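> Please find start.txt (compact mmCIF, C-alpha atoms) on the next line:
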```txt
# COMPACT_ATOMS: atom_id res chain seq x y z
CA MET A 108 -2.63 -22.42 8.49
CA GLU A 109 -2.69 -26.04 7.37
CA ALA A 110 0.10 -27.32 5.12
CA VAL A 111 -1.17 -27.88 1.58
CA SER A 112 0.76 -28.94 -1.52
CA TYR A 113 0.22 -27.07 -4.77
CA GLU A 114 1.46 -27.70 -8.29
CA GLN A 115 3.86 -25.05 -9.54
CA ARG A 116 1.36 -23.94 -12.16
CA ASP A 117 -1.21 -23.34 -9.40
CA VAL A 118 1.25 -21.16 -7.49
CA ARG A 119 2.05 -19.15 -10.62
CA ARG A 120 -1.67 -18.73 -11.27
CA ALA A 121 -2.14 -17.61 -7.66
CA ARG A 122 0.60 -15.02 -8.20
CA TYR A 123 -1.26 -13.47 -11.14
CA ALA A 124 -4.54 -13.66 -9.24
CA VAL A 125 -3.23 -11.81 -6.20
CA ALA A 126 -1.56 -9.28 -8.53
CA ALA A 127 -4.99 -8.62 -10.06
CA VAL A 128 -6.42 -8.13 -6.56
CA PHE A 129 -3.68 -5.59 -5.82
CA ALA A 130 -4.55 -3.73 -9.03
CA VAL A 131 -8.27 -3.70 -8.13
CA HIS A 132 -7.44 -2.38 -4.64
CA GLY A 133 -5.38 0.43 -6.15
CA ALA A 134 -8.06 1.26 -8.72
CA VAL A 135 -10.56 1.97 -5.93
CA THR A 136 -8.14 4.46 -4.37
CA GLY A 137 -7.48 6.15 -7.71
CA SER A 138 -11.19 6.34 -8.50
CA PHE A 139 -11.95 8.00 -5.17
CA ALA A 140 -9.07 10.49 -5.20
CA THR A 141 -10.07 12.12 -8.48
CA ARG A 142 -13.63 12.89 -7.30
CA VAL A 143 -12.80 14.43 -3.93
CA PRO A 144 -13.68 17.96 -5.18
CA TRP A 145 -17.13 16.73 -6.29
CA ILE A 146 -17.64 14.96 -2.96
CA GLN A 147 -16.65 18.13 -1.08
CA ASP A 148 -19.18 20.22 -3.00
CA HIS A 149 -21.94 17.61 -2.62
CA ALA A 150 -21.42 17.34 1.14
CA GLY A 151 -21.13 21.12 1.48
CA VAL A 152 -17.97 21.05 3.62
CA SER A 153 -15.18 23.60 3.87
CA ALA A 154 -11.54 22.87 3.15
CA GLY A 155 -10.85 22.49 6.86
CA GLN A 156 -13.81 20.15 7.34
CA LEU A 157 -12.66 18.12 4.33
CA GLY A 158 -9.22 17.80 5.88
CA LEU A 159 -10.85 16.45 9.05
CA ALA A 160 -12.97 13.98 7.09
CA LEU A 161 -9.95 12.75 5.13
CA ALA A 162 -8.31 11.65 8.39
CA PHE A 163 -11.07 9.06 8.93
CA PRO A 164 -9.91 6.49 6.34
CA ALA A 165 -6.62 6.06 8.19
CA LEU A 166 -8.46 5.91 11.52
CA GLY A 167 -10.83 3.25 10.21
CA ALA A 168 -7.95 1.23 8.78
CA SER A 169 -5.96 1.39 12.00
CA VAL A 170 -8.93 0.14 14.04
CA ALA A 171 -9.96 -2.64 11.65
CA MET A 172 -6.68 -4.07 10.34
CA PRO A 173 -6.02 -6.27 13.39
CA LEU A 174 -9.30 -8.08 12.62
CA ALA A 175 -8.05 -9.37 9.27
CA GLY A 176 -6.10 -12.27 10.79
CA ARG A 177 -9.13 -13.45 12.76
CA ILE A 178 -11.35 -13.27 9.66
CA SER A 179 -8.84 -15.29 7.61
CA HIS A 180 -8.63 -17.90 10.37
CA THR A 181 -12.42 -18.20 10.57
CA PHE A 182 -13.27 -18.34 6.87
CA GLY A 183 -10.00 -19.39 5.23
CA ALA A 184 -7.65 -17.09 3.33
CA ARG A 185 -9.43 -17.28 -0.04
CA ASN A 186 -12.97 -16.69 1.25
CA ALA A 187 -11.73 -13.95 3.58
CA LEU A 188 -10.02 -12.08 0.76
CA ARG A 189 -13.03 -12.56 -1.51
CA GLY A 190 -15.35 -11.02 1.08
CA LEU A 191 -13.00 -8.24 2.15
CA ILE A 192 -12.14 -7.11 -1.37
CA ALA A 193 -15.86 -7.00 -2.19
CA LEU A 194 -16.56 -4.88 0.89
CA TRP A 195 -13.71 -2.55 -0.11
CA THR A 196 -14.83 -2.09 -3.71
CA LEU A 197 -18.46 -1.57 -2.70
CA SER A 198 -17.45 0.99 -0.06
CA LEU A 199 -16.34 3.25 -2.92
CA THR A 200 -20.01 4.23 -3.34
CA LEU A 201 -20.40 5.59 0.21
CA PRO A 202 -18.49 8.93 0.22
CA ALA A 203 -20.28 10.28 -2.86
CA LEU A 204 -23.66 9.51 -1.23
CA SER A 205 -22.84 11.54 1.90
CA PRO A 206 -24.88 14.77 2.20
CA ASN A 207 -23.02 16.35 5.15
CA LEU A 208 -19.85 16.25 7.26
CA LEU A 209 -21.06 13.63 9.77
CA THR A 210 -22.16 11.11 7.14
CA LEU A 211 -18.98 11.79 5.14
CA CYS A 212 -16.82 11.02 8.18
CA LEU A 213 -18.73 7.79 8.83
CA ALA A 214 -18.51 6.81 5.16
CA LEU A 215 -14.77 7.45 5.05
CA PHE A 216 -14.24 5.53 8.30
CA THR A 217 -15.98 2.52 6.72
CA TYR A 218 -14.06 3.06 3.48
CA GLY A 219 -10.76 3.02 5.39
CA ALA A 220 -11.70 0.03 7.57
CA THR A 221 -12.53 -2.16 4.57
CA ALA A 222 -9.41 -0.93 2.75
CA GLY A 223 -7.17 -1.83 5.66
CA MET A 224 -8.57 -5.32 6.19
CA ALA A 225 -8.38 -6.15 2.48
CA ASP A 226 -4.84 -4.73 2.44
CA VAL A 227 -3.68 -7.07 5.22
CA ALA A 228 -5.36 -10.12 3.67
CA MET A 229 -3.92 -9.59 0.19
CA ASN A 230 -0.42 -8.84 1.50
CA ALA A 231 -0.49 -12.00 3.64
CA LEU A 232 -1.40 -14.08 0.60
CA GLY A 233 1.24 -12.27 -1.45
CA VAL A 234 3.91 -13.21 1.10
CA GLU A 235 2.69 -16.82 1.03
CA VAL A 236 3.00 -16.99 -2.76
CA GLU A 237 6.46 -15.40 -2.55
CA ASN A 238 7.50 -18.08 -0.03
CA ARG A 239 6.28 -20.87 -2.28
CA LEU A 240 7.97 -19.45 -5.37
CA GLY A 241 11.21 -18.83 -3.49
CA ARG A 242 11.80 -15.44 -5.12
CA SER A 243 10.73 -11.86 -4.53
CA ILE A 244 7.34 -10.78 -5.91
CA MET A 245 6.11 -8.26 -3.31
CA SER A 246 7.61 -5.23 -5.04
CA GLY A 247 5.88 -6.19 -8.28
CA LEU A 248 2.58 -6.72 -6.47
CA HIS A 249 2.75 -3.21 -5.04
CA GLY A 250 3.70 -2.01 -8.52
CA MET A 251 0.41 -3.52 -9.71
CA TRP A 252 -1.34 -1.55 -6.97
CA SER A 253 0.25 1.64 -8.31
CA ALA A 254 -0.75 0.69 -11.86
CA GLY A 255 -4.32 0.12 -10.69
CA ALA A 256 -4.34 3.48 -8.93
CA LEU A 257 -3.15 5.18 -12.11
CA ALA A 258 -5.87 3.41 -14.13
CA GLY A 259 -8.54 4.40 -11.61
CA SER A 260 -7.25 7.97 -11.61
CA ALA A 261 -7.33 8.12 -15.41
CA ALA A 262 -10.94 6.90 -15.50
CA GLY A 263 -11.87 9.32 -12.74
CA THR A 264 -10.19 12.21 -14.55
CA LEU A 265 -12.21 11.42 -17.66
CA ALA A 266 -15.43 11.21 -15.64
CA ALA A 267 -14.69 14.55 -13.99
CA HIS A 268 -13.84 16.13 -17.34
CA LEU A 269 -17.20 14.95 -18.71
CA GLY A 270 -18.94 16.42 -15.67
CA SER A 271 -20.47 13.11 -14.60
CA ASP A 272 -22.17 12.67 -11.24
CA ALA A 273 -19.72 10.95 -8.87
CA ARG A 274 -22.55 8.84 -7.44
CA LEU A 275 -23.12 7.28 -10.86
CA HIS A 276 -19.39 7.08 -11.63
CA HIS A 277 -18.53 5.36 -8.35
CA THR A 278 -21.50 2.99 -8.53
CA LEU A 279 -20.44 1.80 -11.98
CA ALA A 280 -16.78 1.62 -10.96
CA ALA A 281 -17.65 -0.31 -7.79
CA ALA A 282 -19.73 -2.81 -9.76
CA VAL A 283 -16.98 -3.47 -12.29
CA LEU A 284 -14.20 -3.65 -9.71
CA THR A 285 -16.24 -5.94 -7.44
CA VAL A 286 -16.74 -8.43 -10.28
CA LEU A 287 -13.04 -8.30 -11.19
CA GLY A 288 -11.85 -8.60 -7.59
CA VAL A 289 -14.15 -11.46 -6.64
CA ALA A 290 -13.31 -13.33 -9.86
CA ALA A 291 -9.56 -12.96 -9.26
CA CYS A 292 -9.94 -14.39 -5.76
CA SER A 293 -11.07 -17.70 -7.24
CA TRP A 294 -7.43 -18.50 -8.07
CA VAL A 295 -5.57 -17.29 -4.97
CA LEU A 296 -4.18 -19.88 -2.55
CA ASP A 297 -6.91 -21.48 -0.43
CA LEU A 298 -5.15 -21.63 2.94
CA GLN A 299 -7.11 -23.15 5.81
CA PRO A 300 -6.28 -23.16 9.54
CA ALA A 301 -4.98 -26.39 11.01
CA GLU A 302 -7.40 -28.17 13.34
CA ASP A 303 -5.27 -27.48 16.43
CA GLU A 304 -4.35 -23.91 15.46
CA GLU A 305 -5.48 -21.29 17.96
CA PRO A 306 -7.37 -18.38 16.41
CA PRO A 307 -5.51 -15.07 16.57
CA PRO A 308 -6.88 -12.46 18.99
CA ARG A 309 -9.37 -9.96 17.65
CA PHE A 310 -7.15 -7.12 18.79
CA ALA A 311 -3.51 -7.40 19.81
CA LEU A 312 -0.49 -5.17 20.00
CA PRO A 313 1.95 -5.73 17.13
CA PRO A 314 4.90 -8.00 17.98
CA LYS A 315 8.25 -6.31 18.64
CA SER A 316 9.60 -7.46 15.28
CA ALA A 317 6.71 -5.73 13.52
CA LEU A 318 7.41 -2.50 15.41
CA LEU A 319 11.01 -2.42 14.20
CA ILE A 320 10.06 -3.29 10.63
CA GLY A 321 7.20 -0.79 10.79
CA ALA A 322 9.63 1.96 11.79
CA VAL A 323 11.46 1.47 8.49
CA GLY A 324 8.13 1.58 6.66
CA PHE A 325 7.19 4.72 8.59
CA CYS A 326 10.21 6.58 7.19
CA ALA A 327 9.39 5.55 3.61
CA VAL A 328 5.67 6.32 3.80
CA PHE A 329 6.36 9.69 5.45
CA ALA A 330 8.56 10.61 2.47
CA GLU A 331 5.94 9.28 0.05
CA GLY A 332 3.07 11.20 1.63
CA ALA A 333 5.09 14.40 1.86
CA SER A 334 6.20 14.17 -1.77
CA LEU A 335 2.75 13.29 -3.15
CA ASP A 336 0.93 16.07 -1.33
CA TRP A 337 3.58 18.80 -1.29
CA SER A 338 5.86 18.38 -4.33
CA ALA A 339 3.63 20.49 -6.57
CA VAL A 340 3.25 23.13 -3.85
CA TYR A 341 7.03 23.15 -3.36
CA LEU A 342 7.69 23.89 -7.03
CA ARG A 343 4.92 26.46 -7.30
CA ASP A 344 5.62 28.40 -4.09
CA GLN A 345 9.31 27.82 -3.45
CA LEU A 346 10.58 27.90 -7.04
CA GLU A 347 7.74 29.93 -8.60
CA THR A 348 6.98 27.52 -11.44
CA SER A 349 3.78 27.26 -13.44
CA ALA A 350 0.92 25.11 -12.19
CA GLY A 351 1.44 22.71 -15.10
CA LEU A 352 5.12 22.14 -14.34
CA ALA A 353 4.33 21.73 -10.64
CA ALA A 354 1.71 19.08 -11.43
CA ALA A 355 4.17 17.33 -13.76
CA CYS A 356 6.57 16.95 -10.84
CA THR A 357 3.98 15.01 -8.83
CA THR A 358 3.12 12.87 -11.86
CA GLY A 359 6.80 12.12 -12.40
CA PHE A 360 7.22 11.10 -8.77
CA THR A 361 4.23 8.72 -9.02
CA LEU A 362 5.42 7.16 -12.27
CA THR A 363 8.93 6.71 -10.89
CA MET A 364 7.56 4.81 -7.91
CA ALA A 365 5.33 2.60 -10.07
CA VAL A 366 8.13 1.68 -12.50
CA ALA A 367 10.62 1.05 -9.69
CA ARG A 368 8.18 -1.26 -7.90
CA ILE A 369 7.41 -3.29 -10.99
CA ALA A 370 11.14 -3.72 -11.71
CA GLY A 371 12.20 -4.02 -8.07
CA ASP A 372 11.86 -7.78 -7.59
CA LYS A 373 14.85 -8.57 -9.78
CA VAL A 374 16.98 -6.16 -7.74
CA VAL A 375 15.81 -7.72 -4.47
CA ASP A 376 16.55 -11.24 -5.72
CA ARG A 377 20.02 -10.14 -6.77
CA PHE A 378 21.06 -8.08 -3.75
CA GLY A 379 18.64 -8.96 -0.93
CA SER A 380 16.25 -6.77 1.04
CA VAL A 381 18.81 -5.10 3.30
CA ARG A 382 21.18 -3.91 0.61
CA THR A 383 18.29 -2.89 -1.64
CA VAL A 384 16.72 -0.74 1.07
CA ARG A 385 20.07 0.78 2.04
CA ALA A 386 20.82 1.69 -1.56
CA GLY A 387 17.30 3.04 -1.96
CA GLY A 388 17.69 5.05 1.22
CA ALA A 389 20.90 6.56 -0.12
CA LEU A 390 19.09 7.58 -3.32
CA ALA A 391 16.26 9.08 -1.27
CA VAL A 392 18.72 11.07 0.85
CA LEU A 393 20.43 12.35 -2.30
CA GLY A 394 17.05 13.29 -3.72
CA GLY A 395 16.11 15.09 -0.51
CA LEU A 396 19.35 17.08 -0.56
CA LEU A 397 18.71 18.11 -4.16
CA ILE A 398 15.20 19.27 -3.20
CA VAL A 399 16.47 21.28 -0.23
CA VAL A 400 19.34 23.02 -2.03
CA SER A 401 17.65 23.38 -5.41
CA GLY A 402 17.34 26.80 -6.94
CA HIS A 403 16.04 25.48 -10.24
CA PRO A 404 12.91 23.44 -11.03
CA ALA A 405 14.84 20.79 -12.97
CA VAL A 406 17.04 20.10 -9.94
CA ALA A 407 14.05 19.81 -7.61
CA MET A 408 12.19 17.54 -10.04
CA THR A 409 15.26 15.32 -10.26
CA GLY A 410 15.31 15.24 -6.46
CA PHE A 411 11.69 14.14 -6.24
CA ALA A 412 12.28 11.48 -8.91
CA LEU A 413 15.23 10.11 -6.92
CA MET A 414 13.11 10.19 -3.77
CA GLY A 415 10.43 8.10 -5.48
CA LEU A 416 13.00 5.69 -6.86
CA GLY A 417 14.63 5.28 -3.46
CA ILE A 418 11.54 4.60 -1.37
CA ALA A 419 9.51 2.62 -3.93
CA VAL A 420 10.31 -0.91 -2.77
CA VAL A 421 10.61 -0.25 0.96
CA VAL A 422 6.99 -0.84 1.98
CA PRO A 423 6.60 -4.06 -0.06
CA LEU A 424 9.79 -5.38 1.54
CA CYS A 425 8.53 -4.41 5.00
CA PHE A 426 5.34 -6.40 4.44
CA ALA A 427 7.36 -9.35 3.14
CA ALA A 428 9.70 -9.24 6.16
CA ALA A 429 6.76 -8.96 8.57
CA GLY A 430 5.11 -12.00 7.00
CA ARG A 431 8.23 -14.07 7.71
CA SER A 432 9.12 -12.59 11.10
CA GLY A 433 7.02 -14.80 13.37
CA PRO A 434 4.39 -17.50 13.76
CA ASN A 435 1.44 -15.21 12.91
CA PRO A 436 2.03 -13.48 9.56
CA SER A 437 -1.34 -11.68 9.47
CA GLN A 438 -0.81 -10.16 12.90
CA ALA A 439 2.69 -8.96 12.01
CA ILE A 440 1.54 -7.57 8.65
CA ALA A 441 -1.38 -5.81 10.37
CA GLY A 442 1.08 -4.24 12.81
CA VAL A 443 3.33 -2.96 10.04
CA ALA A 444 0.32 -1.76 8.03
CA THR A 445 -1.03 0.16 11.03
CA ILE A 446 2.30 1.96 11.48
CA THR A 447 2.60 2.83 7.80
CA TYR A 448 -1.02 4.03 7.59
CA THR A 449 -0.33 6.24 10.60
CA SER A 450 2.71 7.67 8.84
CA GLY A 451 0.63 8.42 5.78
CA LEU A 452 -1.90 10.14 8.02
CA VAL A 453 0.52 12.40 9.88
CA ALA A 454 2.99 13.21 7.10
CA PRO A 455 0.99 15.77 5.08
CA SER A 456 -0.16 17.71 8.14
CA ALA A 457 3.29 17.54 9.77
CA ILE A 458 4.89 18.95 6.62
CA GLY A 459 2.28 21.68 6.45
CA GLY A 460 2.60 22.60 10.12
CA LEU A 461 6.38 22.76 9.97
CA ALA A 462 6.23 24.77 6.74
CA GLN A 463 3.84 27.23 8.39
CA ALA A 464 6.22 27.69 11.30
CA THR A 465 9.41 27.75 9.21
CA SER A 466 9.45 26.93 5.48
CA LEU A 467 8.95 24.08 3.04
CA VAL A 468 12.73 23.82 2.74
CA VAL A 469 12.93 22.94 6.44
CA SER A 470 10.02 20.50 6.02
CA PHE A 471 11.84 18.58 3.33
CA GLY A 472 14.96 18.71 5.44
CA LEU A 473 12.96 16.60 7.92
CA VAL A 474 11.97 14.22 5.10
CA THR A 475 15.64 13.88 4.16
CA LEU A 476 16.57 13.16 7.77
CA LEU A 477 13.95 10.40 7.98
CA ALA A 478 15.25 8.95 4.72
CA CYS A 479 18.58 8.48 6.52
CA GLY A 480 16.71 6.02 8.74
CA LEU A 481 16.29 3.72 5.74
CA VAL A 482 20.07 3.47 5.47
CA GLY A 483 20.64 3.06 9.20
CA PHE A 484 17.87 0.63 10.10
CA ALA A 485 17.53 -1.53 6.97
CA GLY A 486 19.18 -4.38 8.89
CA VAL A 487 15.88 -5.20 10.64
CA LEU A 488 14.72 -6.69 7.32
CA ARG A 489 17.53 -9.28 7.43
CA ALA A 490 15.32 -11.86 9.16
CA GLY A 491 12.99 -11.78 6.17
CA ASP A 492 15.90 -12.54 3.84
CA ARG A 493 17.05 -15.43 6.05
CA ASN A 494 13.57 -16.95 6.14
CA ARG A 495 12.85 -16.64 2.41
CA PRO A 496 12.96 -20.13 0.92
CA LYS A 497 15.59 -20.50 -1.78
CA VAL A 498 14.20 -23.15 -4.09
CA SER A 499 14.50 -24.22 -7.68
CA ARG A 500 11.71 -26.50 -8.79
CA PRO A 501 10.82 -28.05 -12.11
CA SER A 502 7.57 -26.87 -13.58
CA ASP A 503 5.72 -30.09 -12.84
CA ALA A 504 6.89 -30.50 -9.24
CA ALA A 505 4.58 -30.23 -6.26
CA VAL A 506 5.34 -27.29 -4.01
CA PRO A 507 5.02 -28.08 -0.28
CA ASP A 508 4.12 -25.54 2.32
CA PRO A 509 7.54 -24.09 3.38
CA ARG A 510 6.48 -23.32 6.92
CA PRO A 511 7.20 -25.77 9.76
```
Rewrite the structure of this file - the entire thing - as structure tokens.

Amino acid sequence: MEAVSYEQRDVRRARYAVAAVFAVHGAVTGSFATRVPWIQDHAGVSAGQLGLALAFPALGASVAMPLAGRISHTFGARNALRGLIALWTLSLTLPALSPNLLTLCLALFTYGATAGMADVAMNALGVEVENRLGRSIMSGLHGMWSAGALAGSAAGTLAAHLGSDARLHHTLAAAVLTVLGVAACSWVLDLQPAEDEEPPPRFALPPKSALLIGAVGFCAVFAEGASLDWSAVYLRDQLETSAGLAAACTTGFTLTMAVARIAGDKVVDRFGSVRTVRAGGALAVLGGLLIVVSGHPAVAMTGFALMGLGIAVVVPLCFAAAGRSGPNPSQAIAGVATITYTSGLVAPSAIGGLAQATSLVVSFGLVTLLACGLVGFAGVLRAGDRNRPKVSRPSDAAVPDPRP
């Protein structure tokens, strides 16, 4: 991308704009998740068929994410994000319109493809703003995604409670979120490719650095997916709690992650990515041990809260490290995103399969073991810390592009 100078106020405005895009992206996910039962009934699919269909968003994302770098190179970062976020918000309407399994799978594949491309584009711009500010913001941006998901879930819960048709609900939500997302994109950084810059390949294997960073993200997302989908089941079946207390455990885990992400940037600036992830990994391991040995709901709920606290900032830091790990940030971020999406895809079914063969205690023993990987392999994020610009600029100073 071509070097462009921005006033500090423009960079700060771009930070808030990309944060709004993150929130919009999360709100789409929250809006969809709450209406899955309605979508299942409308499409007339069984639980097993629904499980198959719900694998298609991750498949679509994995196929399409490598295209995001090429799109940004062709149209510029701002126009690319504007178009991709609009495609993502509008794709929210597709699943509810699907009358059968085939159309639902196709709709969810498209839904996932647009989600993945928008995800790569907004994370790449988030890393660029972080570089220009010279301090960590990626954790807070992902915290905004979590806040958006909670807001979308709350609106979806209200719509479901009122018995509204998901086709109407999602059409209205898509319209509002499209306007908000496109408007926010007007203030993100307008990065353009240099005249002599070669366009990235349409499809390419992730660079080695992205594979190593993605492995750390894999461990965190596996723990996140397992906890989100199975924490309530663990309390209900393993510890024989009420359905309400089991649901409260999942809510507590989600809130812990959101709060930790919003507050995480100050910790990263103080201690660096490597030490932050190692400390978080240690908390996640402690949480996993409490879950495995717990004989009381309060102990297990504490364990899940510690798990959420420990893994919350890992994925944002992986994206930030990928964006500074080589000459093509979008390609590296796409590689890390593909690995983490894959982890999110396999985690729930892997936990379920292992629980079927053994028990949920053994399943969360595996989660705890993977959390140890955060402690052992956090050092691969060190390159991102070395390459983060450390700057202190007056408010009226021009901010040059930090890249060579």
> For range 118-127 of chain A, list every protein, DNA or RNA residue within 7 Å, evaluated using only C-alpha atoms, and leave out those in the same chain fewer than 4 positions away; present the list as a PyMOL selection string.
chain A and resi 113-114+131+229+233+236+248+251+291-292+294-296
> Taking into account all atoms listed in the file, which residue in the set A:Ala165, A:Leu211, A:Val286, A:Ala273 is nearest to Trp145 in chain A?
A:Ala273
> Return the single residue from A:Val474, A:Leu194, A:Ala441, A:Leu413 that is closest to Leu174 in chain A, with distances computed using all atoms listed in the file.
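Selected residue with least distance to Leu174 in chain A: A:Ala441.
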> Tell me, in Å to one decimal, how far CA of Pro300 in chain A is from CA of Leu191 in chain A.
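Between CA of Pro300 in chain A and CA of Leu191 in chain A the gap works out to 18.0 Å.
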> Would you work out the distance separating CA of Tyr448 in chain A from CA of Gly288 in chain A, expressed in Å to one decimal?
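It comes out at 22.5 Å.
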> Report as a count of residues only all protein, DNA and RNA residues lying within 12 Å of Ile446 in chain A, evaluated on only C-alpha atoms, omitting residues in the same chain fewer than 3 positions from it.
36
> What lies within 9 Å of Leu396 in chain A using all atoms listed in the file, ignoring chain neighbours under 6 positions off, as a list of chain:residue names?
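That gives A:Gly410, A:Phe471, A:Gly472, A:Thr475.
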> How many Å separate CA of Arg368 in chain A from CA of Gly486 in chain A?
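Between these atoms lies a distance of 20.3 Å.
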> Rank nothing, just name the residue among A:Ile398, A:Ala386, A:Glu331, A:Ser349 nearest to Ala419 in chain A, using only C-alpha atoms.
A:Glu331
> What's the 8 Å shell around range 204-207 of chain A, counting all atoms listed in the file, without same-chain residues fewer than 5 positions away, as a list in words?
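Using all atoms listed in the file, the neighbours found are Ile146, His149, Ala150, Gly151, Val152, Ala214 and Arg274 of chain A.
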